file data-v1.txt (compact mmCIF, C-alpha atoms and all ligand atoms)
# COMPACT_ATOMS: atom_id res chain seq x y z
CA MET A 1 118.10 -33.40 136.40
CA LEU A 2 114.73 -32.31 137.81
CA LEU A 3 115.44 -31.19 141.36
CA ASP A 4 111.82 -30.60 142.19
CA GLN A 5 111.08 -34.29 141.64
CA ALA A 6 114.18 -35.75 143.29
CA THR A 7 114.01 -37.83 146.45
CA PRO A 8 116.33 -37.00 149.38
CA GLU A 9 118.44 -40.11 148.54
CA GLN A 10 118.84 -38.97 144.91
CA LEU A 11 119.81 -35.49 146.07
CA ARG A 12 122.44 -36.89 148.43
CA GLU A 13 123.84 -39.07 145.65
CA TRP A 14 124.01 -36.13 143.21
CA GLU A 15 125.62 -33.97 145.84
CA SER A 16 128.36 -36.51 146.45
CA GLN A 17 129.04 -37.02 142.70
CA LEU A 18 129.08 -33.27 142.03
CA SER A 19 131.33 -32.59 145.02
CA GLN A 20 133.85 -35.05 143.59
CA GLU A 21 133.66 -33.38 140.15
CA TYR A 22 134.05 -29.99 141.81
CA ASP A 23 137.07 -31.06 143.87
CA ALA A 24 138.73 -32.37 140.69
CA ILE A 25 138.20 -28.96 139.07
CA VAL A 26 139.59 -27.09 142.07
CA GLY A 27 142.67 -29.30 141.79
CA LYS A 28 143.32 -27.95 138.27
CA LYS A 29 144.11 -24.50 139.75
CA LEU A 30 142.47 -22.60 136.88
CA ASN A 31 142.69 -18.84 136.51
CA LEU A 32 139.88 -17.69 134.17
CA ASP A 33 137.88 -14.46 134.03
CA VAL A 34 134.47 -13.95 132.38
CA THR A 35 133.55 -10.76 134.21
CA ARG A 36 133.51 -7.57 132.15
CA GLY A 37 132.22 -7.10 128.62
CA LYS A 38 135.18 -5.67 126.81
CA PRO A 39 136.77 -6.44 123.45
CA SER A 40 139.63 -8.92 123.28
CA ALA A 41 143.06 -7.83 122.04
CA ASP A 42 142.27 -9.50 118.67
CA GLN A 43 139.19 -7.32 118.35
CA LEU A 44 141.14 -4.17 119.25
CA ASP A 45 143.72 -5.10 116.57
CA LEU A 46 140.97 -4.74 113.92
CA SER A 47 141.12 -0.96 114.34
CA ASP A 48 144.84 -0.35 114.56
CA ALA A 49 144.73 1.44 111.18
CA LEU A 50 143.30 4.40 113.13
CA ASP A 51 146.86 5.11 114.18
CA GLY A 52 148.34 7.38 111.54
CA ILE A 53 145.23 7.41 109.32
CA LEU A 54 145.18 11.22 109.17
CA ASP A 55 148.73 11.30 107.77
CA GLY A 56 149.10 14.98 108.60
CA ASN A 57 145.70 16.03 107.23
CA TYR A 58 143.81 17.37 110.22
CA VAL A 59 141.27 19.47 108.33
CA ALA A 60 137.60 18.45 108.50
CA ALA A 61 135.28 18.68 105.48
CA ASN A 62 133.94 22.06 106.67
CA GLY A 63 137.46 23.50 106.93
CA THR A 64 137.80 23.09 110.71
CA ASP A 65 141.36 22.50 111.92
CA THR A 66 140.54 19.63 114.26
CA ARG A 67 143.69 20.21 116.29
CA ASN A 68 142.29 23.42 117.70
CA TYR A 69 139.69 24.20 120.35
CA GLY A 70 135.96 24.38 119.71
CA GLY A 71 133.15 22.45 118.07
CA ILE A 72 131.14 21.52 121.18
CA ASP A 73 128.79 19.26 119.19
CA GLY A 74 131.35 17.63 116.89
CA ILE A 75 132.58 17.85 113.30
CA PRO A 76 130.14 17.10 110.43
CA GLU A 77 131.78 13.84 109.32
CA ALA A 78 131.66 12.50 112.88
CA LYS A 79 127.95 13.39 113.01
CA ARG A 80 127.61 11.42 109.78
CA LEU A 81 129.28 8.43 111.50
CA GLY A 82 126.88 8.83 114.42
CA SER A 83 124.02 8.91 111.95
CA ASP A 84 125.25 5.67 110.28
CA LEU A 85 125.50 4.04 113.70
CA MET A 86 122.26 5.29 115.26
CA SER A 87 120.03 5.71 112.17
CA VAL A 88 119.09 9.24 113.25
CA PRO A 89 119.61 12.35 111.05
CA ALA A 90 123.06 13.94 111.51
CA ASP A 91 121.41 17.23 112.54
CA ASN A 92 120.10 15.55 115.66
CA ILE A 93 123.50 14.22 116.71
CA LEU A 94 126.07 15.58 119.14
CA VAL A 95 129.53 13.99 119.09
CA GLY A 96 131.45 13.89 122.35
CA GLY A 97 134.62 12.37 123.70
CA ASN A 98 135.50 8.73 124.21
CA SER A 99 132.66 7.55 126.44
CA SER A 100 128.89 7.35 126.04
CA LEU A 101 128.64 6.59 129.75
CA THR A 102 130.10 10.04 130.41
CA LEU A 103 127.46 11.57 128.12
CA MET A 104 124.71 9.63 129.92
CA HIS A 105 126.01 10.82 133.28
CA GLN A 106 126.23 14.40 132.05
CA THR A 107 122.74 14.25 130.51
CA MET A 108 121.19 12.85 133.69
CA LEU A 109 123.08 15.42 135.74
CA THR A 110 121.77 18.17 133.45
CA ALA A 111 118.21 16.83 133.65
CA TYR A 112 118.45 16.59 137.43
CA TYR A 113 120.28 19.75 138.29
CA PHE A 114 119.86 22.30 135.51
CA GLY A 115 116.94 20.97 133.44
CA LEU A 116 117.15 19.84 129.81
CA SER A 117 114.52 22.40 128.80
CA GLY A 118 115.20 25.27 131.14
CA ALA A 119 115.61 25.68 134.91
CA ASP A 120 111.91 24.97 135.58
CA SER A 121 112.37 21.47 134.15
CA ALA A 122 115.14 20.42 136.61
CA TRP A 123 114.21 17.19 138.40
CA LYS A 124 115.65 18.56 141.64
CA ASN A 125 112.68 20.95 141.79
CA ILE A 126 110.61 18.07 143.15
CA ASP A 127 111.19 15.86 146.16
CA ALA A 128 112.84 12.52 145.37
CA PRO A 129 112.48 12.14 141.59
CA LYS A 130 112.54 8.50 140.45
CA VAL A 131 113.98 6.62 137.49
CA ILE A 132 112.62 3.31 136.18
CA CYS A 133 115.27 0.57 135.86
CA PRO A 134 114.45 -2.64 133.99
CA VAL A 135 116.19 -5.52 135.81
CA PRO A 136 118.46 -7.28 135.33
CA GLY A 137 120.23 -4.28 133.81
CA TYR A 138 123.56 -2.51 133.38
CA ASP A 139 125.29 -1.88 136.70
CA ARG A 140 126.91 1.39 135.60
CA HIS A 141 123.48 2.93 134.84
CA PHE A 142 122.50 2.18 138.41
CA THR A 143 125.72 3.72 139.70
CA VAL A 144 124.90 6.99 137.88
CA CYS A 145 121.53 7.19 139.67
CA GLU A 146 123.06 6.14 142.96
CA GLN A 147 125.73 8.82 142.73
CA LEU A 148 123.21 11.54 141.88
CA GLY A 149 120.94 10.37 144.72
CA ILE A 150 118.12 9.47 142.31
CA GLU A 151 115.74 6.79 143.52
CA MET A 152 115.50 3.69 141.31
CA VAL A 153 112.27 1.75 140.75
CA THR A 154 112.70 -1.66 139.14
CA VAL A 155 110.53 -3.36 136.52
CA PRO A 156 111.20 -6.86 135.16
CA MET A 157 112.94 -7.40 131.83
CA THR A 158 111.06 -9.89 129.66
CA ALA A 159 111.90 -11.59 126.36
CA THR A 160 110.28 -8.63 124.53
CA GLY A 161 111.95 -5.82 126.54
CA PRO A 162 110.88 -4.15 129.80
CA ASP A 163 107.49 -5.22 131.19
CA MET A 164 105.57 -2.35 129.59
CA ASP A 165 102.38 -2.90 131.59
CA ALA A 166 104.43 -2.29 134.74
CA VAL A 167 106.19 0.73 133.17
CA GLU A 168 102.92 2.36 132.04
CA THR A 169 101.29 1.75 135.40
CA LEU A 170 104.22 3.40 137.18
CA VAL A 171 104.32 6.37 134.82
CA LYS A 172 100.58 6.94 135.26
CA SER A 173 100.39 6.35 139.00
CA ASP A 174 103.58 7.92 140.35
CA SER A 175 103.95 11.63 139.60
CA ARG A 176 107.63 11.54 140.67
CA ILE A 177 108.77 9.29 137.80
CA ARG A 178 111.16 11.37 135.69
CA GLY A 179 113.23 8.89 133.73
CA MET A 180 113.89 5.36 132.54
CA TRP A 181 117.01 3.45 131.49
CA CYS A 182 116.84 1.26 128.36
CA VAL A 183 119.40 -0.88 126.51
CA PRO A 184 117.12 -1.64 123.56
CA LYS A 185 119.31 -3.89 121.44
CA TYR A 186 121.15 -6.91 122.88
CA SER A 187 120.31 -5.57 126.31
CA ASN A 188 122.98 -5.74 128.96
CA PRO A 189 122.82 -8.42 130.33
CA THR A 190 119.90 -10.45 128.87
CA GLY A 191 120.76 -9.95 125.18
CA VAL A 192 117.12 -9.22 124.32
CA VAL A 193 116.16 -6.94 121.39
CA TYR A 194 113.07 -4.87 122.24
CA THR A 195 110.15 -5.80 119.97
CA ASP A 196 108.45 -3.25 117.71
CA GLU A 197 105.49 -3.12 120.07
CA THR A 198 107.73 -2.39 123.06
CA VAL A 199 109.56 0.38 121.19
CA GLU A 200 106.25 1.99 120.16
CA ARG A 201 104.91 1.82 123.71
CA ILE A 202 108.12 3.49 124.94
CA ALA A 203 107.77 6.20 122.29
CA LYS A 204 104.21 6.80 123.56
CA LEU A 205 105.26 7.17 127.22
CA GLY A 206 105.78 10.87 126.51
CA LEU A 207 102.00 11.14 126.04
CA ILE A 208 101.24 9.96 129.57
CA ALA A 209 104.39 10.92 131.52
CA HIS A 210 105.40 14.24 133.09
CA ALA A 211 106.78 16.77 130.58
CA ASP A 212 110.26 16.41 132.12
CA PHE A 213 110.29 12.61 131.75
CA ARG A 214 113.21 11.31 129.67
CA VAL A 215 114.04 7.81 128.44
CA PHE A 216 117.81 7.20 128.44
CA TRP A 217 118.06 4.99 125.35
CA ASP A 218 121.53 3.45 125.58
CA ASN A 219 121.97 1.80 122.19
CA ALA A 220 125.48 0.57 123.06
CA TYR A 221 125.05 -2.54 120.85
CA ALA A 222 123.31 -0.94 117.84
CA VAL A 223 125.44 -2.74 115.22
CA HIS A 224 126.90 -5.57 117.31
CA ASP A 225 125.18 -8.51 115.62
CA LEU A 226 126.50 -12.07 115.84
CA VAL A 227 124.14 -13.65 113.30
CA LYS A 228 123.57 -12.96 109.59
CA SER A 229 119.88 -11.95 109.78
CA PRO A 230 119.43 -10.47 113.23
CA ALA A 231 116.21 -9.13 114.71
CA THR A 232 115.89 -5.44 113.87
CA LEU A 233 115.16 -2.65 116.32
CA ALA A 234 112.35 -0.24 115.43
CA SER A 235 113.36 3.43 115.22
CA VAL A 236 112.37 5.11 118.47
CA PHE A 237 113.31 8.42 116.84
CA ASP A 238 110.74 7.97 114.04
CA LEU A 239 108.10 6.65 116.45
CA CYS A 240 108.57 9.61 118.79
CA ASN A 241 108.17 11.97 115.84
CA LYS A 242 105.02 10.10 114.81
CA HIS A 243 103.52 10.47 118.31
CA GLY A 244 104.77 14.01 118.97
CA THR A 245 107.06 12.93 121.83
CA ALA A 246 110.48 13.84 120.38
CA ASP A 247 111.70 15.38 123.65
CA SER A 248 110.94 12.27 125.72
CA VAL A 249 113.85 10.10 124.49
CA VAL A 250 117.60 10.81 124.50
CA GLN A 251 119.71 8.23 122.67
CA PHE A 252 123.35 7.26 123.26
CA ALA A 253 125.93 5.15 121.44
CA SER A 254 129.69 4.94 120.97
CA THR A 255 132.41 3.22 119.00
CA SER A 256 133.83 1.70 122.20
CA LYS A 257 133.10 -1.84 121.01
CA ILE A 258 133.65 -1.00 117.36
CA THR A 259 137.19 0.45 117.42
CA HIS A 260 139.36 0.95 120.54
CA ALA A 261 137.24 0.66 123.68
CA GLY A 262 139.09 3.32 125.64
CA ALA A 263 139.80 5.65 122.72
CA GLY A 264 136.59 5.75 120.71
CA VAL A 265 133.96 8.39 119.99
CA ALA A 266 130.60 8.75 121.73
CA PHE A 267 127.33 10.18 120.48
CA VAL A 268 124.01 11.60 121.69
CA ALA A 269 120.97 11.69 119.40
CA ALA A 270 118.14 13.89 120.59
CA SER A 271 115.65 16.65 119.84
CA THR A 272 116.93 20.22 119.41
CA THR A 273 115.53 21.11 122.86
CA ASN A 274 117.45 18.32 124.57
CA LEU A 275 120.63 18.97 122.59
CA ASN A 276 120.51 22.64 123.53
CA GLY A 277 120.02 21.77 127.19
CA LEU A 278 122.97 19.40 127.12
CA LYS A 279 125.19 21.80 125.15
CA ALA A 280 124.58 24.55 127.72
CA PHE A 281 125.96 22.19 130.37
CA LEU A 282 128.85 20.89 128.26
CA GLY A 283 129.88 24.42 127.32
CA ALA A 284 130.72 25.02 130.98
CA CYS A 285 132.78 21.80 131.20
CA THR A 286 134.90 21.97 128.05
CA ILE A 287 135.89 24.17 125.11
CA GLY A 288 135.28 21.15 122.91
CA PRO A 289 135.79 17.40 122.51
CA ASP A 290 138.73 15.59 120.85
CA LYS A 291 137.97 16.38 117.22
CA VAL A 292 141.20 14.79 115.97
CA ASN A 293 139.91 11.44 117.19
CA GLN A 294 136.51 12.19 115.66
CA LEU A 295 138.18 12.79 112.29
CA ARG A 296 140.27 9.61 112.59
CA HIS A 297 137.09 7.62 113.19
CA ALA A 298 135.19 9.28 110.36
CA ARG A 299 137.99 8.43 107.92
CA PHE A 300 138.31 4.87 109.26
CA LEU A 301 134.56 4.20 108.94
CA PRO A 302 133.55 6.38 105.96
CA ASN A 303 130.03 4.96 105.46
CA ARG A 304 127.47 2.46 106.80
CA ASP A 305 128.83 -0.37 104.59
CA ALA A 306 132.33 0.10 105.99
CA LEU A 307 130.88 0.08 109.51
CA MET A 308 128.90 -3.11 108.98
CA GLY A 309 131.85 -4.82 107.22
CA HIS A 310 134.02 -3.96 110.20
CA MET A 311 131.40 -5.33 112.62
CA ALA A 312 131.31 -8.62 110.71
CA LYS A 313 135.00 -9.06 111.63
CA HIS A 314 134.12 -8.59 115.32
CA ALA A 315 131.30 -11.12 114.94
CA ALA A 316 133.69 -13.71 113.50
CA LEU A 317 135.84 -13.43 116.63
CA LEU A 318 132.96 -13.32 119.11
CA GLN A 319 130.64 -15.95 117.71
CA PRO A 320 132.67 -19.06 118.66
CA ARG A 321 132.92 -17.74 122.23
CA PHE A 322 129.14 -17.27 122.44
CA ASP A 323 128.60 -20.68 120.85
CA ALA A 324 130.83 -22.21 123.56
CA VAL A 325 128.74 -20.59 126.31
CA LEU A 326 125.38 -21.46 124.77
CA SER A 327 126.23 -25.05 123.89
CA ALA A 328 127.57 -25.65 127.43
CA LEU A 329 124.34 -24.25 128.90
CA SER A 330 122.16 -26.30 126.54
CA SER A 331 123.92 -29.57 127.14
CA ALA A 332 123.94 -29.07 130.92
CA PHE A 333 120.53 -27.54 131.51
CA ASP A 334 118.08 -28.25 128.64
CA GLY A 335 115.13 -30.10 130.12
CA THR A 336 116.19 -29.42 133.73
CA ASP A 337 114.78 -27.08 136.37
CA LEU A 338 118.20 -25.65 137.22
CA GLY A 339 118.13 -22.38 135.29
CA ASN A 340 116.96 -20.20 132.41
CA TRP A 341 118.73 -18.09 129.86
CA GLU A 342 118.14 -16.21 126.58
CA THR A 343 120.04 -16.96 123.36
CA PRO A 344 121.41 -13.56 122.31
CA GLU A 345 121.99 -12.80 118.62
CA GLY A 346 124.50 -10.07 119.43
CA GLY A 347 126.00 -7.89 122.12
CA TYR A 348 128.47 -8.97 124.78
CA PHE A 349 126.61 -11.04 127.35
CA VAL A 350 124.73 -14.17 128.21
CA SER A 351 122.57 -13.83 131.29
CA PHE A 352 121.74 -16.92 133.35
CA ASP A 353 119.08 -17.19 136.04
CA THR A 354 119.72 -19.91 138.60
CA ARG A 355 117.04 -21.29 140.89
CA PRO A 356 116.14 -18.62 143.46
CA GLY A 357 118.80 -18.23 146.11
CA CYS A 358 121.64 -19.93 144.19
CA ALA A 359 123.46 -17.16 142.31
CA LYS A 360 125.80 -15.95 145.08
CA GLU A 361 126.79 -19.48 146.02
CA THR A 362 127.43 -20.37 142.36
CA VAL A 363 129.70 -17.34 141.97
CA ARG A 364 131.51 -18.19 145.22
CA LEU A 365 132.08 -21.81 144.20
CA ALA A 366 133.33 -20.73 140.77
CA ALA A 367 135.75 -18.23 142.32
CA GLU A 368 137.20 -20.95 144.55
CA ALA A 369 137.63 -23.10 141.47
CA GLY A 370 139.54 -20.30 139.71
CA VAL A 371 136.76 -18.83 137.52
CA LYS A 372 135.92 -15.21 138.15
CA LEU A 373 132.30 -14.26 137.42
CA THR A 374 130.65 -10.83 137.75
CA PRO A 375 129.48 -10.61 141.39
CA ALA A 376 125.93 -11.91 141.81
CA GLY A 377 123.57 -8.97 142.28
CA ALA A 378 125.63 -6.60 140.09
CA THR A 379 122.83 -6.47 137.53
CA PHE A 380 120.44 -4.92 140.09
CA PRO A 381 120.37 -1.47 141.74
CA TYR A 382 122.53 -1.30 144.88
CA GLY A 383 123.93 -4.75 143.93
CA LYS A 384 120.88 -6.49 145.44
CA ASP A 385 119.15 -9.18 143.42
CA PRO A 386 116.05 -9.82 145.55
CA GLU A 387 115.81 -13.41 144.35
CA ASP A 388 119.57 -14.04 144.16
CA ARG A 389 119.24 -15.59 140.71
CA ASN A 390 120.99 -13.59 138.02
CA ILE A 391 124.56 -14.15 136.79
CA ARG A 392 126.08 -12.30 133.83
CA ILE A 393 128.57 -14.18 131.66
CA ALA A 394 130.89 -12.10 129.45
CA PRO A 395 132.87 -14.39 127.12
CA SER A 396 134.59 -11.87 124.79
CA VAL A 397 138.08 -11.71 126.35
CA PRO A 398 139.10 -15.32 127.11
CA SER A 399 140.11 -17.63 124.24
CA VAL A 400 137.52 -20.16 123.01
CA ASP A 401 139.31 -22.95 124.93
CA GLU A 402 139.25 -20.82 128.07
CA VAL A 403 135.53 -20.13 127.63
CA VAL A 404 134.95 -23.89 127.27
CA GLY A 405 136.97 -24.45 130.49
CA ALA A 406 135.16 -21.68 132.36
CA MET A 407 131.76 -23.08 131.34
CA GLU A 408 132.67 -26.57 132.59
CA VAL A 409 133.32 -25.00 135.96
CA PHE A 410 130.20 -22.81 135.74
CA VAL A 411 127.75 -25.64 135.04
CA THR A 412 129.26 -27.80 137.81
CA CYS A 413 128.96 -24.90 140.28
CA VAL A 414 125.33 -24.19 139.29
CA LYS A 415 124.45 -27.85 139.78
CA LEU A 416 126.29 -28.14 143.08
CA ALA A 417 124.80 -24.92 144.51
CA SER A 418 121.31 -26.02 143.41
CA VAL A 419 121.55 -29.54 144.83
CA ARG A 420 123.03 -28.36 148.13
CA GLN A 421 120.23 -25.80 148.45
CA ALA A 422 117.60 -28.44 147.65
CA LEU A 423 119.05 -30.64 150.42
CA THR A 424 118.26 -27.95 152.97
CA ARG A 425 114.54 -27.78 152.13
N1 LIG B 501 126.31 1.05 127.85
C1 LIG B 501 126.26 -0.28 127.96
C2 LIG B 501 124.94 -0.98 127.93
C3 LIG B 501 127.45 -1.01 128.08
O1 LIG B 501 127.38 -2.35 128.19
C4 LIG B 501 128.68 -0.34 128.09
C5 LIG B 501 129.99 -1.06 128.23
N2 LIG B 501 129.99 -2.17 128.99
C6 LIG B 501 128.67 1.06 128.00
C7 LIG B 501 127.48 1.72 127.87
C8 LIG B 501 129.94 1.85 128.04
O2 LIG B 501 130.02 2.62 126.90
P1 LIG B 501 131.20 3.67 126.68
O3 LIG B 501 132.45 2.92 126.54
O4 LIG B 501 130.79 4.37 125.43
O5 LIG B 501 131.22 4.60 127.86
call {"tool": "encode", "arguments": {"input": "data-v1.txt", "output": "structure tokens", "more": "lines below"}}
Ligand code: PMP
result
Amino acid sequence: MLLDQATPEQLREWESQLSQEYDAIVGKKLNLDVTRGKPSADQLDLSDALDGILDGNYVAANGTDTRNYGGIDGIPEAKRLGSDLMSVPADNILVGGNSSLTLMHQTMLTAYYFGLSGADSAWKNIDAPKVICPVPGYDRHFTVCEQLGIEMVTVPMTATGPDMDAVETLVKSDSRIRGMWCVPKYSNPTGVVYTDETVERIAKLGLIAHADFRVFWDNAYAVHDLVKSPATLASVFDLCNKHGTADSVVQFASTSKITHAGAGVAFVAASTTNLNGLKAFLGACTIGPDKVNQLRHARFLPNRDALMGHMAKHAALLQPRFDAVLSALSSAFDGTDLGNWETPEGGYFVSFDTRPGCAKETVRLAAEAGVKLTPAGATFPYGKDPEDRNIRIAPSVPSVDEVVGAMEVFVTCVKLASVRQALTR
């Protein structure tokens, strides 16, 4: 279907056919949900051996009784797990509680309010500091900025990562830029892995940006591959060291989508300066994180091979769901002018761009047909997609049959919204 070449009669005919298909779907009274990217119960089951794994032995390798207070930056074996996950030396890792989002919030709060390298470095010292947000992006990153009152400046995401020409121009031309969000591997939502060139250009931003500029490198999907030989992500840590910009990037990750999403362990990897800045803040919030859970995780995932073997089991459960989404999109939209999407090799999302102005209507039609999609606009700051195009599909929780059913509804709704819009032109 090429809408741009269709005559008004063809459009009317398509509209009537699609309306009939849509009404038949509504009649099925479906109740399907492809909204949030969380593990299915089957995936959570993979880590149930965490329960009871300590078997009464609560003592960490360095003799720490993990049941007691203390250890603001984590026990050594949990730092080793963070190092396996993030490919950064254990000395540069801080281990926190169950959520990397909390650590990101706390790090941005520290940068804004207290300064990561002393009070003079606090972003609040200047009027209206700004953070660069590649879009579409992760809604919860935008909520952190929104809550802290930090202005967001968007740059487009491309198939190679953020549009680096736009990022460099902003960093050079706007002296109030203080930060940037990045999801470098299987980005939320587009599934893109940043290319080596993009990673190197990000590592070099510290050479042209303000000294208090920090990249928030949220590597939430560091080991979440779906294919056997996935694209690899260059080490921003090594590249920053090479260019003398170690303070300009703070990295985050967690086991949320490795073990139990609500009861995992989260990590920060950063320079000593940044870690000290963050620890000064954390020390006022807590006497220490949950080290018992850190020890459970370290014993459950004792080395990189164990971690990767465990992730292969997740991939086996996720892959058929992604295949169902991607094959539905291909068979409905290959060779049409109805939408674009990337083919992710990992992560939790497929991101679909409709024709401009059709995303909200697609989501509305799908909801009326019993398929819940993430609200259109959620992947943009303040929930506003200026072109009303982007829809995030998260297929991990429903069964494969349910994903197939949800995609039948989705493609019909995209087509119907597009044809109805074309009829108004
Ligand atoms: N970052 C990204 C990019 C995510 O997609 C998610 C979960 N949807 C998170 C962070 C949340 O991580 P955590 O559970 O460690 O807070």
call {"tool": "closest_atom_pairs", "arguments": {"input": "data-v1.txt", "of": "region 148-209 of chain A", "to": "region 219-232 of chain A", "cutoff": "7 Å", "atoms": "all atoms listed in the file", "output": "CSV"}}
result
residue,atom,partner,partner_atom,distance
A:Val183,CA,A:Asn219,CA,5.7
A:Pro184,CA,A:Asn219,CA,6.1
A:Lys185,CA,A:Tyr221,CA,5.9
A:Tyr186,CA,A:Tyr221,CA,6.2
call {"tool": "residues_near_ligand", "arguments": {"input": "data-v1.txt", "ligand": "ligand LIG 501 (chain B)", "cutoff": "7 Å", "atoms": "all atoms listed in the file", "output": "ChimeraX atom specification"}}
result
/A:37-38,98-102,138,183,187-188,218,220,253-256,261-262,266
call {"tool": "atom_distance", "arguments": {"input": "data-v1.txt", "atom1": "CA of Pro189 (chain A)", "atom2": "CA of Thr110 (chain A)"}}
result
26.8 Å
call {"tool": "residues_around", "arguments": {"input": "data-v1.txt", "residues": "Thr379 (chain A)", "least_positions_apart": "4", "cutoff": "6 Å", "atoms": "only C-alpha atoms", "output": "PyMOL selection string"}}
result
chain A and resi 136-139
call {"tool": "atom_distance", "arguments": {"input": "data-v1.txt", "atom1": "CA of Phe349 (chain A)", "atom2": "CA of Ile393 (chain A)"}}
result
5.7 Å
call {"tool": "closest_residue", "arguments": {"input": "data-v1.txt", "among": "A:Phe267, A:Tyr348, A:Trp341, A:Phe281", "to": "Ala394 (chain A)", "atoms": "all atoms listed in the file"}}
result
A:Tyr348
